[in-house]
file query-v3.cif (mmCIF, C-alpha atoms)
data_model
#
loop_
_atom_site.label_atom_id
_atom_site.label_comp_id
_atom_site.auth_asym_id
_atom_site.auth_seq_id
_atom_site.Cartn_x
_atom_site.Cartn_y
_atom_site.Cartn_z
CA ILE D 161 141.18 94.54 107.52
CA VAL D 162 138.20 92.25 107.67
CA TYR D 163 138.94 91.85 111.37
CA MET D 164 138.77 95.63 111.85
CA LEU D 165 135.51 95.90 109.95
CA ARG D 166 133.96 93.15 111.96
CA ALA D 167 135.21 94.60 115.25
CA SER D 168 133.90 98.07 114.48
CA ALA D 169 130.56 96.69 113.34
CA LEU D 170 130.30 94.80 116.62
CA PHE D 171 131.29 97.88 118.60
CA ALA D 172 128.81 100.07 116.74
CA SER D 173 125.96 97.66 117.30
CA GLY D 174 126.96 97.39 120.96
CA VAL D 175 126.75 101.16 121.33
CA TYR D 176 123.47 101.28 119.47
CA LEU D 177 121.93 98.55 121.61
CA THR D 178 123.13 100.26 124.77
CA TYR D 179 121.59 103.52 123.61
CA HIS D 180 118.33 101.80 122.94
CA PHE D 181 117.99 99.47 125.89
CA VAL D 182 120.18 100.78 128.66
CA GLY D 183 120.74 104.50 128.30
CA ASN D 184 123.03 107.12 126.94
CA PRO D 185 124.92 110.20 127.99
CA LEU D 186 123.32 113.48 127.13
CA MET D 187 124.53 117.07 127.19
CA VAL D 188 122.18 119.50 128.89
CA GLN D 189 121.29 122.61 126.90
CA GLY D 190 119.96 125.72 128.53
CA CYS D 191 119.48 126.82 132.14
CA SER D 192 115.93 125.66 132.76
CA MET D 193 117.05 123.03 135.28
CA LYS D 194 119.43 125.11 137.41
CA PRO D 195 120.74 124.54 140.01
CA THR D 196 120.36 120.80 139.52
CA LEU D 197 121.55 120.72 135.93
CA ASP D 198 123.45 123.45 134.16
CA ASP D 199 124.16 124.29 130.55
CA GLY D 200 126.92 121.99 129.33
CA ASP D 201 126.55 119.31 132.00
CA VAL D 202 126.67 115.73 130.83
CA VAL D 203 124.09 113.44 132.35
CA TRP D 204 123.14 109.81 132.05
CA LYS D 205 119.72 109.13 130.67
CA LYS D 206 118.34 105.75 131.59
CA GLN D 207 116.19 104.40 128.81
CA LEU D 208 112.67 103.52 129.91
CA ARG D 209 111.09 100.76 127.89
CA GLU D 210 108.00 100.69 130.04
CA ILE D 211 106.82 103.94 131.46
CA LYS D 212 103.89 103.08 133.64
CA GLY D 213 105.47 101.84 136.87
CA ASN D 214 108.81 103.48 136.43
CA ILE D 215 108.24 107.18 136.83
CA ASN D 216 107.23 109.14 139.86
CA ARG D 217 106.76 112.63 141.16
CA GLY D 218 110.22 114.15 141.50
CA ASP D 219 111.91 112.23 138.69
CA ILE D 220 113.78 114.16 136.04
CA VAL D 221 112.62 112.81 132.70
CA CYS D 222 113.42 113.30 129.03
CA PHE D 223 110.47 113.57 126.73
CA TYR D 224 109.71 114.64 123.18
CA SER D 225 108.38 118.16 123.04
CA PRO D 226 104.58 118.31 122.75
CA ILE D 227 104.71 121.55 120.82
CA ASP D 228 107.37 120.70 118.29
CA SER D 229 106.72 118.19 115.55
CA LYS D 230 110.42 117.46 115.22
CA LYS D 231 111.32 115.01 117.95
CA VAL D 232 113.20 117.37 120.25
CA LEU D 233 114.15 115.95 123.64
CA ILE D 234 113.23 118.12 126.61
CA THR D 235 114.44 117.49 130.17
CA LYS D 236 112.30 118.55 133.13
CA ARG D 237 111.19 117.33 136.54
CA ILE D 238 107.82 115.69 137.11
CA THR D 239 105.92 117.71 139.71
CA ALA D 240 102.50 116.06 139.49
CA MET D 241 101.09 112.65 138.56
CA PRO D 242 97.66 111.64 137.18
CA SER D 243 94.70 112.66 139.31
CA ASP D 244 96.76 115.31 141.11
CA ARG D 245 95.76 118.93 140.94
CA VAL D 246 98.19 121.72 140.14
CA ASN D 247 97.86 125.43 140.86
CA TRP D 248 98.09 127.28 137.61
CA GLN D 249 97.41 130.93 136.92
CA GLY D 250 95.03 131.36 139.80
CA GLY D 251 93.10 128.17 139.13
CA THR D 252 93.74 124.45 139.32
CA VAL D 253 94.54 121.96 136.59
CA TYR D 254 93.49 118.34 136.93
CA ILE D 255 96.11 115.93 135.62
CA PRO D 256 94.26 113.34 133.47
CA PRO D 257 95.24 109.66 133.45
CA GLY D 258 98.28 108.91 131.34
CA HIS D 259 99.68 112.44 131.73
CA VAL D 260 102.17 114.23 134.00
CA TRP D 261 102.94 117.82 134.86
CA VAL D 262 106.55 118.85 134.29
CA ARG D 263 108.47 121.87 135.52
CA GLY D 264 112.03 123.05 135.18
CA ASP D 265 113.93 123.53 138.45
CA ASN D 266 114.54 127.10 137.28
CA PRO D 267 110.93 128.03 136.57
CA LYS D 268 111.59 131.52 135.24
CA GLU D 269 113.79 130.23 132.42
CA SER D 270 111.75 127.18 131.65
CA THR D 271 109.18 126.38 128.96
CA ASP D 272 107.29 123.55 130.54
CA SER D 273 103.81 122.49 131.59
CA ASN D 274 103.16 126.07 132.60
CA LEU D 275 103.03 126.80 128.89
CA TYR D 276 101.83 123.58 127.28
CA GLY D 277 99.92 121.85 130.05
CA PRO D 278 100.15 118.23 131.15
CA ILE D 279 102.13 116.03 128.79
CA PRO D 280 101.16 112.47 127.80
CA MET D 281 103.43 109.96 129.54
CA ASN D 282 104.05 108.27 126.23
CA LEU D 283 106.21 111.18 125.19
CA ILE D 284 108.68 110.25 127.92
CA GLN D 285 111.71 108.43 126.58
CA GLY D 286 113.94 108.08 129.63
CA LYS D 287 114.90 109.48 132.98
CA ILE D 288 118.06 111.14 134.23
CA THR D 289 119.73 109.06 136.91
CA HIS D 290 123.26 110.42 137.16
CA LYS D 291 125.35 113.41 136.34
CA CYS D 292 128.60 112.47 134.61
CA PHE D 293 130.28 115.86 134.37
CA PRO D 294 131.44 118.18 135.92
CA ARG D 295 130.93 116.46 139.24
CA PRO D 296 129.73 112.86 139.01
CA SER D 297 126.77 112.35 141.30
CA LYS D 298 123.48 110.57 141.55
CA ILE D 299 120.42 112.66 140.85
CA GLN D 300 117.83 112.83 143.63
CA ILE E 35 95.03 112.30 105.03
CA LEU E 36 97.59 109.78 106.18
CA ASN E 37 96.98 106.79 108.37
CA ALA E 38 99.06 107.25 111.47
CA GLN E 39 99.80 104.92 114.29
CA SER E 40 100.38 106.64 117.61
CA ARG E 41 100.54 105.92 121.29
CA GLU E 42 97.26 106.95 122.80
CA PRO E 43 97.57 110.14 124.83
CA SER E 44 95.24 109.04 127.60
CA ASP E 45 96.39 105.47 128.11
CA GLU E 46 100.10 104.91 128.15
CA SER E 47 100.03 101.26 127.16
CA LYS E 48 97.85 101.48 124.07
CA VAL E 49 98.70 102.19 120.48
CA LEU E 50 95.99 103.62 118.24
CA ILE E 51 95.61 103.59 114.51
CA LYS E 52 93.66 106.50 113.06
CA ARG E 53 93.63 108.75 110.06
CA LEU E 54 95.41 112.06 110.34
CA THR E 55 92.87 114.66 109.24
CA SER E 56 94.32 117.99 110.30
CA VAL E 57 97.69 119.43 111.11
CA ALA E 58 98.95 122.25 113.31
CA GLY E 59 97.51 125.60 112.35
CA ASP E 60 94.15 124.37 111.13
CA THR E 61 90.94 124.72 113.08
CA VAL E 62 88.77 121.64 113.29
CA ARG E 63 84.98 121.86 113.41
CA PHE E 64 82.71 119.06 114.50
CA SER E 65 79.54 118.39 116.47
CA LYS E 66 79.19 116.86 119.87
CA TRP E 67 76.01 115.54 121.34
CA LYS E 68 75.42 115.99 125.05
CA MET E 69 73.75 113.41 127.25
CA ASN E 70 70.40 115.20 126.98
CA GLY E 71 70.43 115.21 123.18
CA ASP E 72 71.60 118.80 122.69
CA ARG E 73 74.00 119.33 119.85
CA VAL E 74 77.11 121.40 120.42
CA ASP E 75 79.21 122.65 117.52
CA VAL E 76 82.81 122.67 118.57
CA LYS E 77 85.74 124.50 117.05
CA VAL E 78 89.14 123.31 118.13
CA PRO E 79 92.36 124.92 116.89
CA VAL E 80 95.21 122.48 116.41
CA PRO E 81 98.21 123.81 118.35
CA PRO E 82 101.74 123.77 116.93
CA GLY E 83 103.39 120.39 117.08
CA HIS E 84 100.01 118.60 117.23
CA VAL E 85 97.77 116.75 114.80
CA TRP E 86 94.12 115.82 114.68
CA VAL E 87 93.23 112.17 114.19
CA GLU E 88 89.89 110.58 113.43
CA GLY E 89 88.86 107.04 112.72
CA ASP E 90 87.22 106.32 109.38
CA ASN E 91 84.23 104.80 111.16
CA ALA E 92 83.28 108.04 112.84
CA PRO E 93 80.30 107.01 115.01
CA VAL E 94 82.24 104.37 116.93
CA SER E 95 85.72 105.83 116.79
CA PHE E 96 87.52 106.94 119.93
CA ASP E 97 89.69 109.69 118.54
CA SER E 98 90.61 113.36 118.68
CA ARG E 99 86.97 114.31 119.03
CA GLN E 100 87.22 112.73 122.47
CA PHE E 101 90.82 113.28 123.52
CA GLY E 102 91.72 116.38 121.49
CA PRO E 103 94.75 117.08 119.33
CA VAL E 104 97.66 114.68 119.68
CA PRO E 105 101.31 115.80 119.91
CA SER E 106 103.03 114.76 116.67
CA SER E 107 105.90 113.25 118.64
CA LEU E 108 103.53 110.52 119.80
CA ILE E 109 103.20 109.26 116.24
CA GLN E 110 105.07 106.00 115.86
CA GLY E 111 104.65 105.36 112.17
CA ARG E 112 102.43 105.30 109.15
CA VAL E 113 100.18 102.49 108.07
CA PHE E 114 100.84 101.83 104.43
CA PHE E 115 99.90 98.23 103.72
CA LYS E 116 97.30 95.69 104.68
CA VAL E 117 98.73 92.25 105.05
CA TRP E 118 95.79 90.23 106.39
CA PRO E 119 93.08 89.07 105.62
CA PRO E 120 94.01 88.03 102.08
CA SER E 121 90.86 89.58 100.64
CA LYS E 122 92.02 92.98 101.86
CA PHE E 123 95.67 92.58 100.97
CA GLY E 124 96.97 95.76 99.39
CA PRO E 125 98.20 99.26 99.95
CA VAL E 126 96.48 101.67 102.33
CA ARG E 127 96.01 104.95 100.59
CA ARG E 128 95.93 108.56 101.61
CA ARG E 129 92.65 110.28 101.26
CA GLU E 130 91.91 113.88 100.46
CA ILE E 131 90.01 115.36 103.38
CA GLN E 132 87.27 117.78 102.33
CA SER E 133 87.26 121.08 104.14
CA LYS E 134 86.02 120.01 107.54
CA SER E 135 88.81 122.20 108.78
CA GLU E 136 89.93 125.60 107.65
CA PRO E 137 93.46 127.03 107.73
CA ASP E 138 93.81 129.95 110.09
CA GLU E 139 94.56 133.32 108.60
CA ALA E 140 96.55 134.66 111.56
CA PRO E 141 100.12 133.52 112.03
CA PHE E 142 100.67 131.56 115.22
CA ARG E 143 101.93 133.44 118.28
CA LEU E 144 103.37 131.72 121.32
CA GLY E 145 100.99 133.73 123.52
CA SER E 146 97.91 132.21 121.97
CA ALA E 147 99.10 128.74 122.98
CA GLU E 148 98.10 129.70 126.53
CA GLU E 149 94.60 130.59 125.39
CA GLN E 150 94.32 127.34 123.48
CA LEU E 151 95.58 125.41 126.48
CA GLN E 152 93.07 127.14 128.69
CA THR E 153 90.25 126.24 126.30
CA LEU E 154 91.38 122.64 126.11
CA LEU E 155 91.69 122.40 129.89
CA GLU E 156 88.27 123.94 130.43
CA GLU E 157 86.76 121.54 127.93
CA HIS E 158 88.39 118.62 129.64
CA GLU E 159 87.08 119.70 133.03
CA ILE E 160 83.57 119.96 131.62
CA ASN E 161 83.79 116.55 129.98
CA ARG E 162 85.09 115.02 133.15
CA LYS E 163 82.19 116.31 135.21
CA GLU E 164 79.40 115.62 132.69
CA ALA E 165 80.14 112.43 130.84
CA PRO E 166 80.19 109.06 132.58
CA PRO E 167 83.62 107.46 132.42
CA GLN E 168 84.22 106.26 128.88
CA GLU E 169 85.23 102.67 128.52
CA LYS E 170 88.47 101.98 126.74
CA THR E 171 86.90 99.16 124.82
CA GLN E 172 86.28 101.44 121.90
CA GLU E 173 88.82 101.26 119.12
#
call {"tool": "encode", "arguments": {"input": "query-v3.cif", "output": "structure tokens"}}
result
Amino acid sequence: IVYMLRASALFASGVYLTYHFVGNPLMVQGCSMKPTLDDGDVVWKKQLREIKGNINRGDIVCFYSPIDSKKVLITKRITAMPSDRVNWQGGTVYIPPGHVWVRGDNPKESTDSNLYGPIPMNLIQGKITHKCFPRPSKIQ
Amino acid sequence: ILNAQSREPSDESKVLIKRLTSVAGDTVRFSKWKMNGDRVDVKVPVPPGHVWVEGDNAPVSFDSRQFGPVPSSLIQGRVFFKVWPPSKFGPVRRREIQSKSEPDEAPFRLGSAEEQLQTLLEEHEINRKEAPPQEKTQE
């Protein structure tokens, strides 16, 4: 019995460390990223310890919501980087340093930077690299 | 009210320690001085999911008066104890903030987030054009 306890403790810490340092599978909720990601898809989120050099325009990232004080993870695509300009509501928005502009691939169903503006990069926790289910594939 | 430690919104590698002085739903009032000496009284509503942070040493503090409200999810933790130097060893306390801010009467509507965003974006554009680039040497 001690053996089982020790084995499960080791397994649990292995899973925890993987979650924290490597990545974890994640189930997509909602249709804001159709057709790329659909409700119920399972994706692989690669944990990003350092954000600065690792994200680019076009990446799908997971970040804590800027408008919700509970740490809710939101998944969207980065469409603009710092010092870019974005067309928004008839004008342009300048993306300040340390921020990105995010949009869902299905813009009509998406609450994203169109509502809450550029998000600080520090909210980003990881990026989606693969889809595990239904059809395993690498995300462009 | 609390001391919070958060990743700085404008520089992704820095962590800031400031006091949390207002929460979502309040409106913060403070004064800004322009380069020519004019004083501007500013009212900034704190959007949902955000907080307002200010350093205790207001004149030299780089805080929400410069970079605006901070999303609460950026907060990493709370400062509750001073370990070093030995003369300052001891707990770090909350402080009651006198009414520099006032709670809004109207309940929050998702629509008004767009107005607040627009105001914040306009303000940022103005700051970017007027002020010389601020050095990140301030604490």
call {"tool": "atom_distance", "arguments": {"input": "query-v3.cif", "atom1": "CA of Pro81 in chain E", "atom2": "CA of Ala58 in chain E"}}
result
5.3 Å
call {"tool": "resolve_selection", "arguments": {"input": "query-v3.cif", "expression": "the PyMOL selection byres ((chain E and resi 57) around 7)", "output": "MDAnalysis selection string"}}
result
chainID E and resid 56 58:60 80 84:86
call {"tool": "residues_around", "arguments": {"input": "query-v3.cif", "residues": "Ile211 in chain D", "least_positions_apart": "4", "cutoff": "10 Å", "atoms": "all atoms listed in the file", "output": "compact mmCIF listing (two decimals) with C-alpha atoms, in the coordinates of the input"}}
result
# COMPACT_ATOMS: atom_id res chain seq x y z
CA GLN D 207 116.19 104.40 128.81
CA ILE D 215 108.24 107.18 136.83
CA ASN D 216 107.23 109.14 139.86
CA GLY D 258 98.28 108.91 131.34
CA MET D 281 103.43 109.96 129.54
CA ASN D 282 104.05 108.27 126.23
CA LEU D 283 106.21 111.18 125.19
CA ILE D 284 108.68 110.25 127.92
CA GLN D 285 111.71 108.43 126.58
CA GLY D 286 113.94 108.08 129.63
CA LYS D 287 114.90 109.48 132.98
CA GLU E 46 100.10 104.91 128.15
CA SER E 47 100.03 101.26 127.16
call {"tool": "resolve_selection", "arguments": {"input": "query-v3.cif", "expression": "the PyMOL selection byres ((chain D) within 7 of (chain E))", "output": "short mmCIF file (atom, residue, chain, number, x, y, z; two decimals) with C-alpha atoms, keeping the file's coordinate frame"}}
result
data_model
loop_
_atom_site.label_atom_id
_atom_site.label_comp_id
_atom_site.auth_asym_id
_atom_site.auth_seq_id
_atom_site.Cartn_x
_atom_site.Cartn_y
_atom_site.Cartn_z
CA LYS D 212 103.89 103.08 133.64
CA TYR D 224 109.71 114.64 123.18
CA PRO D 226 104.58 118.31 122.75
CA ILE D 227 104.71 121.55 120.82
CA ASP D 228 107.37 120.70 118.29
CA SER D 229 106.72 118.19 115.55
CA LYS D 231 111.32 115.01 117.95
CA PRO D 257 95.24 109.66 133.45
CA GLY D 258 98.28 108.91 131.34
CA HIS D 259 99.68 112.44 131.73
CA LEU D 275 103.03 126.80 128.89
CA TYR D 276 101.83 123.58 127.28
CA GLY D 277 99.92 121.85 130.05
CA PRO D 280 101.16 112.47 127.80
CA MET D 281 103.43 109.96 129.54
CA ASN D 282 104.05 108.27 126.23
CA LEU D 283 106.21 111.18 125.19
#
call {"tool": "resolve_selection", "arguments": {"input": "query-v3.cif", "expression": "the PyMOL selection byres ((chain D and resi 243-252) around 10)", "output": "list in words"}}
result
Thr239, Ala240, Met241, Pro242, Val253, Tyr254, Ile255, Pro256, Pro257, Gly258, His259, Val260, Trp261, Ser273, Asn274, Gly277 and Pro278 of chain D; Leu155 of chain E
call {"tool": "atom_distance", "arguments": {"input": "query-v3.cif", "atom1": "CA of Asp272 in chain D", "atom2": "CA of Pro103 in chain E"}}
result
18.0 Å
call {"tool": "atom_distance", "arguments": {"input": "query-v3.cif", "atom1": "CA of Val262 in chain D", "atom2": "CA of Ile279 in chain D"}}
result
7.6 Å
call {"tool": "residues_around", "arguments": {"input": "query-v3.cif", "residues": "Asp75 in chain E", "least_positions_apart": "5", "cutoff": "9 Å", "atoms": "only C-alpha atoms", "output": "ChimeraX atom specification"}}
result
/E:63-67
call {"tool": "write_last_selection", "arguments": {"input": "query-v3.cif", "atoms": "C-alpha atoms", "output": "PDB file, in the frame of the given file"}}
result
ATOM      1  CA  ARG E  63      84.980 121.860 113.410  1.00  0.00           C
ATOM      2  CA  PHE E  64      82.710 119.060 114.500  1.00  0.00           C
ATOM      3  CA  SER E  65      79.540 118.390 116.470  1.00  0.00           C
ATOM      4  CA  LYS E  66      79.190 116.860 119.870  1.00  0.00           C
ATOM      5  CA  TRP E  67      76.010 115.540 121.340  1.00  0.00           C
TER       6      TRP E  67
END
